[in-house]
file coords_26.cif (mmCIF, C-alpha atoms and all ligand atoms)
data_start
#
loop_
_atom_site.group_PDB
_atom_site.id
_atom_site.type_symbol
_atom_site.label_atom_id
_atom_site.label_comp_id
_atom_site.auth_asym_id
_atom_site.auth_seq_id
_atom_site.Cartn_x
_atom_site.Cartn_y
_atom_site.Cartn_z
ATOM 1 C CA MET A 169 2.033 4.628 25.500
ATOM 2 C CA SER A 170 4.030 3.245 28.414
ATOM 3 C CA ALA A 171 2.676 -0.288 27.662
ATOM 4 C CA ARG A 172 4.565 -0.006 24.347
ATOM 5 C CA GLY A 173 7.697 1.302 26.009
ATOM 6 C CA LEU A 174 7.132 4.827 24.772
ATOM 7 C CA ALA A 175 6.995 8.143 26.597
ATOM 8 C CA PHE A 176 6.320 11.761 25.624
ATOM 9 C CA LYS A 177 10.075 12.313 25.149
ATOM 10 C CA ASP A 178 10.025 9.827 22.213
ATOM 11 C CA ILE A 179 7.605 11.968 20.177
ATOM 12 C CA ARG A 180 9.297 13.693 17.218
ATOM 13 C CA ARG A 181 6.349 15.161 15.368
ATOM 14 C CA ILE A 182 2.915 16.435 16.343
ATOM 15 C CA VAL A 183 0.364 17.111 13.591
ATOM 16 C CA VAL A 184 -2.301 19.597 14.672
ATOM 17 C CA THR A 185 -5.304 19.446 12.312
ATOM 18 C CA HIS A 186 -6.634 22.821 13.493
ATOM 19 C CA ALA A 187 -6.040 25.314 16.247
ATOM 20 C CA HIS A 188 -8.948 24.565 18.568
ATOM 21 C CA VAL A 189 -7.963 24.024 22.163
ATOM 22 C CA ASP A 190 -9.374 20.484 22.327
ATOM 23 C CA HIS A 191 -6.998 19.586 19.465
ATOM 24 C CA PHE A 192 -3.724 21.153 20.577
ATOM 25 C CA GLY A 193 -4.063 21.860 24.308
ATOM 26 C CA LEU A 194 -1.325 19.393 25.275
ATOM 27 C CA ALA A 195 1.102 20.286 22.483
ATOM 28 C CA ALA A 196 3.191 22.700 24.584
ATOM 29 C CA PRO A 197 3.926 20.285 27.482
ATOM 30 C CA ILE A 198 4.741 17.481 25.004
ATOM 31 C CA VAL A 199 7.073 19.807 23.069
ATOM 32 C CA ALA A 200 8.712 20.859 26.349
ATOM 33 C CA GLU A 201 9.470 17.242 27.198
ATOM 34 C CA SER A 202 10.364 15.953 23.734
ATOM 35 C CA GLY A 203 11.477 18.903 21.576
ATOM 36 C CA ALA A 204 8.992 17.626 18.960
ATOM 37 C CA ARG A 205 8.075 19.838 16.039
ATOM 38 C CA VAL A 206 4.446 20.806 15.545
ATOM 39 C CA TRP A 207 3.124 20.567 11.987
ATOM 40 C CA SER A 208 0.016 22.555 11.208
ATOM 41 C CA HIS A 209 -1.450 24.872 8.573
ATOM 42 C CA ALA A 210 0.234 28.283 8.296
ATOM 43 C CA ARG A 211 -2.991 29.977 9.437
ATOM 44 C CA ASP A 212 -2.608 28.247 12.819
ATOM 45 C CA ARG A 213 0.816 29.780 13.454
ATOM 46 C CA TRP A 214 -0.270 32.534 15.842
ATOM 47 C CA TRP A 215 -2.709 30.394 17.760
ATOM 48 C CA LEU A 216 0.043 27.852 18.396
ATOM 49 C CA THR A 217 3.034 30.134 18.967
ATOM 50 C CA ASP A 218 1.488 33.315 20.418
ATOM 51 C CA PHE A 219 -1.535 31.870 22.139
ATOM 52 C CA GLU A 220 -2.077 34.429 24.901
ATOM 53 C CA ASN A 221 -2.048 37.434 22.554
ATOM 54 C CA GLU A 222 -4.286 35.607 20.110
ATOM 55 C CA VAL A 223 -6.827 34.923 22.877
ATOM 56 C CA THR A 224 -6.926 38.650 23.748
ATOM 57 C CA ARG A 225 -7.154 39.695 20.104
ATOM 58 C CA ARG A 226 -10.049 37.300 19.513
ATOM 59 C CA ALA A 227 -11.917 38.289 22.671
ATOM 60 C CA ASP A 228 -11.911 41.920 21.422
ATOM 61 C CA PHE A 229 -13.180 40.807 18.009
ATOM 62 C CA TYR A 230 -15.959 38.691 19.523
ATOM 63 C CA ARG A 231 -17.092 41.467 21.869
ATOM 64 C CA ASP A 232 -17.529 43.750 18.839
ATOM 65 C CA ALA A 233 -19.145 40.964 16.795
ATOM 66 C CA PHE A 234 -21.731 40.290 19.514
ATOM 67 C CA ALA A 235 -22.640 43.993 19.735
ATOM 68 C CA GLN A 236 -22.779 44.454 15.952
ATOM 69 C CA ASN A 237 -25.039 41.446 15.574
ATOM 70 C CA GLY A 238 -27.512 42.684 18.173
ATOM 71 C CA ALA A 239 -26.655 40.409 21.111
ATOM 72 C CA PRO A 240 -27.180 41.858 24.618
ATOM 73 C CA LEU A 241 -24.001 42.826 26.463
ATOM 74 C CA GLU A 242 -24.576 40.449 29.386
ATOM 75 C CA LEU A 243 -24.807 37.499 26.965
ATOM 76 C CA ALA A 244 -21.640 38.612 25.211
ATOM 77 C CA ASN A 245 -19.880 38.772 28.578
ATOM 78 C CA ALA A 246 -21.154 35.319 29.575
ATOM 79 C CA ALA A 247 -20.005 33.867 26.257
ATOM 80 C CA THR A 248 -16.554 35.488 26.550
ATOM 81 C CA ARG A 249 -16.255 34.112 30.101
ATOM 82 C CA GLY A 250 -17.218 30.648 28.806
ATOM 83 C CA MET A 251 -14.553 30.877 26.108
ATOM 84 C CA ALA A 252 -11.939 32.056 28.602
ATOM 85 C CA GLY A 253 -12.728 28.931 30.653
ATOM 86 C CA VAL A 254 -11.874 26.726 27.653
ATOM 87 C CA MET A 255 -8.691 28.685 26.888
ATOM 88 C CA ARG A 256 -7.179 27.573 30.210
ATOM 89 C CA TYR A 257 -6.404 24.244 28.574
ATOM 90 C CA ALA A 258 -3.663 25.464 26.236
ATOM 91 C CA THR A 259 -0.378 27.371 26.232
ATOM 92 C CA ALA A 260 1.944 28.505 23.422
ATOM 93 C CA ILE A 261 4.677 26.354 21.841
ATOM 94 C CA PRO A 262 8.086 27.942 21.022
ATOM 95 C CA ALA A 263 7.977 29.610 17.570
ATOM 96 C CA ASP A 264 10.939 27.572 16.279
ATOM 97 C CA ARG A 265 9.025 24.317 16.782
ATOM 98 C CA PHE A 266 6.256 25.296 14.332
ATOM 99 C CA ILE A 267 6.337 23.800 10.807
ATOM 100 C CA PRO A 268 3.706 25.172 8.380
ATOM 101 C CA ILE A 269 2.094 22.676 6.008
ATOM 102 C CA ASP A 270 -0.388 23.210 3.201
ATOM 103 C CA ASP A 271 -2.641 21.473 0.704
ATOM 104 C CA GLY A 272 -0.808 18.770 -1.277
ATOM 105 C CA ASP A 273 2.115 18.419 1.170
ATOM 106 C CA SER A 274 3.031 14.928 2.384
ATOM 107 C CA VAL A 275 3.464 13.764 5.950
ATOM 108 C CA THR A 276 5.050 10.370 6.651
ATOM 109 C CA LEU A 277 3.508 8.732 9.700
ATOM 110 C CA GLY A 278 4.521 5.221 10.766
ATOM 111 C CA GLY A 279 5.798 4.381 7.261
ATOM 112 C CA ASP A 280 2.649 5.578 5.471
ATOM 113 C CA VAL A 281 2.626 8.723 3.381
ATOM 114 C CA TRP A 282 -0.401 10.910 4.111
ATOM 115 C CA ARG A 283 -1.400 13.776 1.865
ATOM 116 C CA VAL A 284 -2.485 17.065 3.417
ATOM 117 C CA VAL A 285 -5.948 18.135 2.248
ATOM 118 C CA TYR A 286 -6.705 21.733 3.203
ATOM 119 C CA THR A 287 -10.382 21.984 4.173
ATOM 120 C CA PRO A 288 -11.126 25.377 5.761
ATOM 121 C CA GLY A 289 -14.578 25.972 7.208
ATOM 122 C CA HIS A 290 -15.044 24.705 10.754
ATOM 123 C CA ALA A 291 -11.684 26.433 11.334
ATOM 124 C CA SER A 292 -9.808 28.527 8.779
ATOM 125 C CA GLY A 293 -6.640 26.460 9.221
ATOM 126 C CA LEU A 294 -8.240 23.014 9.187
ATOM 127 C CA ILE A 295 -6.433 20.174 7.410
ATOM 128 C CA CYS A 296 -7.428 16.560 6.829
ATOM 129 C CA LEU A 297 -4.933 13.791 6.054
ATOM 130 C CA TYR A 298 -5.529 11.266 3.255
ATOM 131 C CA GLU A 299 -3.747 7.954 2.696
ATOM 132 C CA PRO A 300 -4.571 6.705 -0.846
ATOM 133 C CA ARG A 301 -3.529 3.020 -0.503
ATOM 134 C CA SER A 302 -5.940 2.318 2.355
ATOM 135 C CA ARG A 303 -8.270 5.142 1.139
ATOM 136 C CA THR A 304 -8.398 6.459 4.679
ATOM 137 C CA LEU A 305 -9.190 10.065 5.547
ATOM 138 C CA ILE A 306 -8.392 11.530 8.945
ATOM 139 C CA SER A 307 -11.214 14.046 8.857
ATOM 140 C CA SER A 308 -10.683 15.835 12.187
ATOM 141 C CA ASP A 309 -13.724 18.111 12.799
ATOM 142 C CA HIS A 310 -14.279 18.661 9.071
ATOM 143 C CA LEU A 311 -16.615 15.658 8.847
ATOM 144 C CA LEU A 312 -18.315 14.289 11.956
ATOM 145 C CA ARG A 313 -20.735 11.413 11.637
ATOM 146 C CA ASP A 314 -23.500 12.363 14.036
ATOM 147 C CA ILE A 315 -23.439 16.157 14.219
ATOM 148 C CA THR A 316 -22.855 18.992 11.763
ATOM 149 C CA SER A 317 -19.598 20.901 12.227
ATOM 150 C CA ASN A 318 -19.994 24.483 13.424
ATOM 151 C CA PRO A 319 -18.659 27.141 11.013
ATOM 152 C CA VAL A 320 -16.880 28.939 13.844
ATOM 153 C CA LEU A 321 -16.760 32.730 13.466
ATOM 154 C CA GLU A 322 -13.138 33.939 13.376
ATOM 155 C CA PRO A 323 -11.501 37.362 13.176
ATOM 156 C CA PRO A 324 -9.279 38.135 10.178
ATOM 157 C CA THR A 325 -5.966 36.298 10.422
ATOM 158 C CA ARG A 326 -3.090 38.635 11.290
ATOM 159 C CA GLY A 327 -2.053 40.514 8.161
ATOM 160 C CA GLU A 328 -5.522 40.210 6.575
ATOM 161 C CA SER A 329 -8.432 42.631 6.786
ATOM 162 C CA GLU A 330 -11.427 40.375 6.005
ATOM 163 C CA ARG A 331 -12.706 37.694 8.369
ATOM 164 C CA PRO A 332 -13.021 34.218 6.805
ATOM 165 C CA ARG A 333 -16.495 33.410 5.435
ATOM 166 C CA ALA A 334 -16.561 30.171 7.388
ATOM 167 C CA LEU A 335 -19.620 28.437 5.944
ATOM 168 C CA VAL A 336 -18.889 29.576 2.376
ATOM 169 C CA ASN A 337 -15.459 27.959 2.768
ATOM 170 C CA TYR A 338 -16.878 24.912 4.509
ATOM 171 C CA ILE A 339 -19.338 24.125 1.698
ATOM 172 C CA ALA A 340 -16.486 24.368 -0.847
ATOM 173 C CA SER A 341 -14.301 22.137 1.339
ATOM 174 C CA MET A 342 -17.040 19.501 1.579
ATOM 175 C CA GLN A 343 -17.431 19.527 -2.204
ATOM 176 C CA LYS A 344 -13.663 19.107 -2.528
ATOM 177 C CA THR A 345 -13.572 16.217 -0.038
ATOM 178 C CA ALA A 346 -16.404 14.452 -1.891
ATOM 179 C CA GLN A 347 -14.019 14.137 -4.875
ATOM 180 C CA LEU A 348 -11.630 11.931 -2.863
ATOM 181 C CA ASP A 349 -11.886 8.146 -3.091
ATOM 182 C CA VAL A 350 -12.460 7.383 0.604
ATOM 183 C CA ARG A 351 -13.205 3.960 2.119
ATOM 184 C CA VAL A 352 -13.424 5.244 5.667
ATOM 185 C CA ALA A 353 -13.087 8.609 7.367
ATOM 186 C CA LEU A 354 -11.849 8.850 10.933
ATOM 187 C CA PRO A 355 -13.230 11.958 12.650
ATOM 188 C CA ALA A 356 -11.762 13.536 15.773
ATOM 189 C CA HIS A 357 -15.006 12.967 17.705
ATOM 190 C CA GLY A 358 -17.357 10.001 17.405
ATOM 191 C CA GLU A 359 -17.576 6.982 15.138
ATOM 192 C CA PRO A 360 -15.896 6.333 11.751
ATOM 193 C CA ILE A 361 -17.785 7.381 8.605
ATOM 194 C CA GLU A 362 -18.226 4.669 5.961
ATOM 195 C CA ASP A 363 -19.806 6.714 3.170
ATOM 196 C CA ILE A 364 -18.561 10.282 3.154
ATOM 197 C CA ARG A 365 -20.290 11.155 -0.127
ATOM 198 C CA ALA A 366 -23.709 10.300 1.329
ATOM 199 C CA LEU A 367 -22.866 12.233 4.490
ATOM 200 C CA ILE A 368 -21.725 15.278 2.497
ATOM 201 C CA ALA A 369 -24.816 15.178 0.253
ATOM 202 C CA GLY A 370 -26.958 15.170 3.413
ATOM 203 C CA ARG A 371 -25.030 18.082 4.919
ATOM 204 C CA LEU A 372 -25.296 20.181 1.754
ATOM 205 C CA ALA A 373 -29.061 19.575 1.632
ATOM 206 C CA PHE A 374 -29.321 20.476 5.312
ATOM 207 C CA HIS A 375 -27.588 23.823 4.762
ATOM 208 C CA ARG A 376 -29.731 24.553 1.661
ATOM 209 C CA ALA A 377 -32.882 24.038 3.730
ATOM 210 C CA ARG A 378 -31.539 26.196 6.541
ATOM 211 C CA LEU A 379 -30.709 28.999 4.067
ATOM 212 C CA ASP A 380 -34.317 28.973 2.833
ATOM 213 C CA HIS A 381 -35.634 28.969 6.390
ATOM 214 C CA ILE A 382 -33.451 31.950 7.359
ATOM 215 C CA GLU A 383 -34.465 33.858 4.228
ATOM 216 C CA GLN A 384 -38.143 33.294 5.115
ATOM 217 C CA GLN A 385 -37.602 34.480 8.693
ATOM 218 C CA LEU A 386 -35.904 37.645 7.439
ATOM 219 C CA ALA A 387 -38.836 38.304 5.099
ATOM 220 C CA CYS A 388 -41.438 38.210 7.851
ATOM 221 C CA CYS A 389 -40.130 38.538 11.326
ATOM 222 C CA VAL A 390 -36.534 39.365 12.247
ATOM 223 C CA SER A 391 -33.520 41.267 10.951
ATOM 224 C CA THR A 392 -30.394 40.683 13.083
ATOM 225 C CA ALA A 393 -28.185 37.622 13.443
ATOM 226 C CA TYR A 394 -28.977 37.473 17.155
ATOM 227 C CA GLU A 395 -32.745 37.496 16.528
ATOM 228 C CA LEU A 396 -32.276 34.688 14.005
ATOM 229 C CA CYS A 397 -30.204 32.812 16.553
ATOM 230 C CA ASN A 398 -33.155 32.973 18.977
ATOM 231 C CA VAL A 399 -35.527 31.667 16.312
ATOM 232 C CA LEU A 400 -33.258 28.762 15.359
ATOM 233 C CA PHE A 401 -31.844 27.934 18.796
ATOM 234 C CA PRO A 402 -33.977 29.346 21.628
ATOM 235 C CA ASP A 403 -32.528 29.531 25.157
ATOM 236 C CA LEU A 404 -28.829 29.214 24.392
ATOM 237 C CA LYS A 405 -26.491 30.081 27.252
ATOM 238 C CA SER A 406 -22.831 31.072 27.668
ATOM 239 C CA VAL A 407 -20.477 29.869 24.937
ATOM 240 C CA ASP A 408 -23.354 28.180 23.073
ATOM 241 C CA VAL A 409 -24.636 31.636 22.085
ATOM 242 C CA PHE A 410 -21.357 32.117 20.280
ATOM 243 C CA LEU A 411 -21.757 28.817 18.430
ATOM 244 C CA GLY A 412 -25.363 29.697 17.539
ATOM 245 C CA LEU A 413 -24.315 33.118 16.225
ATOM 246 C CA SER A 414 -21.491 31.505 14.222
ATOM 247 C CA GLU A 415 -23.993 29.142 12.614
ATOM 248 C CA VAL A 416 -26.378 31.979 11.716
ATOM 249 C CA ILE A 417 -23.670 34.355 10.443
ATOM 250 C CA GLY A 418 -22.250 31.543 8.309
ATOM 251 C CA HIS A 419 -25.600 31.152 6.562
ATOM 252 C CA LEU A 420 -26.070 34.923 6.231
ATOM 253 C CA ASP A 421 -22.670 35.129 4.501
ATOM 254 C CA ILE A 422 -23.912 32.649 1.877
ATOM 255 C CA LEU A 423 -27.228 34.459 1.406
ATOM 256 C CA GLU A 424 -25.271 37.689 0.944
ATOM 257 C CA ASN A 425 -22.880 36.027 -1.545
ATOM 258 C CA GLU A 426 -25.850 34.736 -3.499
ATOM 259 C CA GLY A 427 -27.444 38.198 -3.549
ATOM 260 C CA ARG A 428 -30.440 37.042 -1.506
ATOM 261 C CA VAL A 429 -29.858 39.490 1.365
ATOM 262 C CA ARG A 430 -28.089 42.787 1.817
ATOM 263 C CA ARG A 431 -26.590 44.257 4.946
ATOM 264 C CA GLU A 432 -27.538 47.564 6.467
ATOM 265 C CA MET A 433 -25.893 49.130 9.529
ATOM 266 C CA ARG A 434 -28.338 50.957 11.809
ATOM 267 C CA ASP A 435 -27.353 52.335 15.235
ATOM 268 C CA GLY A 436 -24.242 50.173 15.275
ATOM 269 C CA VAL A 437 -26.196 46.972 14.568
ATOM 270 C CA VAL A 438 -26.044 45.022 11.301
ATOM 271 C CA ARG A 439 -29.470 44.245 9.838
ATOM 272 C CA TYR A 440 -30.084 41.800 7.011
ATOM 273 C CA ILE A 441 -32.697 42.745 4.430
ATOM 274 C CA PRO A 442 -34.007 40.173 1.921
ATOM 275 C CA THR A 443 -33.642 41.354 -1.672
ATOM 276 C CA LYS A 444 -36.481 39.215 -3.057
ATOM 277 C CA LYS A 445 -39.627 41.270 -3.602
HETATM 278 ZN ZN ZN B 501 -12.693 22.086 16.186
#

call {"tool": "encode", "arguments": {"input": "coords_26.cif", "output": "structure tokens", "more": "lines below"}}
Ligand SMILES: [Zn+2]
result
Amino acid sequence: MSARGLAFKDIRRIVVTHAHVDHFGLAAPIVAESGARVWSHARDRWWLTDFENEVTRRADFYRDAFAQNGAPLELANAATRGMAGVMRYATAIPADRFIPIDDGDSVTLGGDVWRVVYTPGHASGLICLYEPRSRTLISSDHLLRDITSNPVLEPPTRGESERPRALVNYIASMQKTAQLDVRVALPAHGEPIEDIRALIAGRLAFHRARLDHIEQQLACCVSTAYELCNVLFPDLKSVDVFLGLSEVIGHLDILENEGRVRREMRDGVVRYIPTKK
């Protein structure tokens, strides 16, 4: 920035594609120096403006989620400690600096008009930005070239009672993105993506296969999300257990939606029972 004669104080607008710490951790110090406004999806409001309370609220939700899904307490504690370590990298921005944006809104950046494309899944407030003249998509963590995006388990947003069905939403968001005419997608991590339709087709097939695999495991061998997590990803530690559980629960949500499994609560633990005879 300084090579171009610019400093943090020159920034007027920050667009946060989703409220994960590696995407907005520096927003607060930049806002403090520049007074910039932070544009993000309305669902990210509390993460960005009331960060500390949101961290506490989520930690409580995750502790319950671990227990309900059959994970041992010491693993839950290790995962919560791992998450707390990541949370050190962000602080809240003042509430009056937050500007909510939604699907179809426009954001002018450097003379180009970018359209907001709401693509919940990896995070419930995730937006991509699309510029139709150059057919460029800023895909954030919605589409990554070399790894699948985790459908991160989230508590209900404040004011709602149901948690987002992350992978259900993510599949729908991928199908929506595949409708766009995209020459290149620029993800937040890793290399550009030249053919998003091929990538999305591959991802959808991958999740289909994983759904079948999970259904088979439930039919023969296991019944909780944590047991499935151990089958799919043995030996996970710390915060990775949380990501593994998120992946499994995302698939179980789809199987439940499709009527392929039903849930049963026994001794405080959710068990998934295949419905196919
Ligand atoms: Zn992310």

call {"tool": "resolve_selection", "arguments": {"input": "coords_26.cif", "expression": "the PyMOL selection byres (((chain A and resi 197-200) around 8) and not hetatm)", "output": "list in words"}}
result
Phe176, Lys177, Ile179, Leu194, Ala195, Ala196, Glu201, Ser202, Gly203, Ala204, Arg205, Ile261 and Arg265 of chain A

call {"tool": "residues_around", "arguments": {"input": "coords_26.cif", "residues": "Thr345 of chain A", "least_positions_apart": "4", "cutoff": "9 Å", "atoms": "only C-alpha atoms", "output": "JSON, numbers by chain"}}
result
{"A": [285, 287, 340, 341, 349, 350, 364, 365, 368]}

call {"tool": "closest_residue", "arguments": {"input": "coords_26.cif", "among": "A:His209, A:Arg249, A:His310, A:Arg428", "to": "ligand ZN 501 (chain B)", "atoms": "all atoms listed in the file"}}
result
A:His310

call {"tool": "closest_residue", "arguments": {"input": "coords_26.cif", "among": "A:Val189, A:Leu386, A:Ala258, A:Val206", "to": "ligand ZN 501 (chain B)", "atoms": "all atoms listed in the file"}}
result
A:Val189

call {"tool": "residues_around", "arguments": {"input": "coords_26.cif", "residues": "Lys444 of chain A", "least_positions_apart": "3", "cutoff": "10 Å", "atoms": "all atoms listed in the file", "output": "list in words"}}
result
Glu383, Ala387, Gly427, Arg428, Val429 and Ile441 of chain A

call {"tool": "residues_near_ligand", "arguments": {"input": "coords_26.cif", "ligand": "ligand ZN 501 (chain B)", "cutoff": "8 Å", "atoms": "all atoms listed in the file", "output": "PyMOL selection string"}}
result
chain A and resi 186-191+290-291+308-309

call {"tool": "closest_residue", "arguments": {"input": "coords_26.cif", "among": "A:Thr325, A:Asn337, A:Thr304, A:Thr248", "to": "Asp228 of chain A", "atoms": "only C-alpha atoms"}}
result
A:Thr248
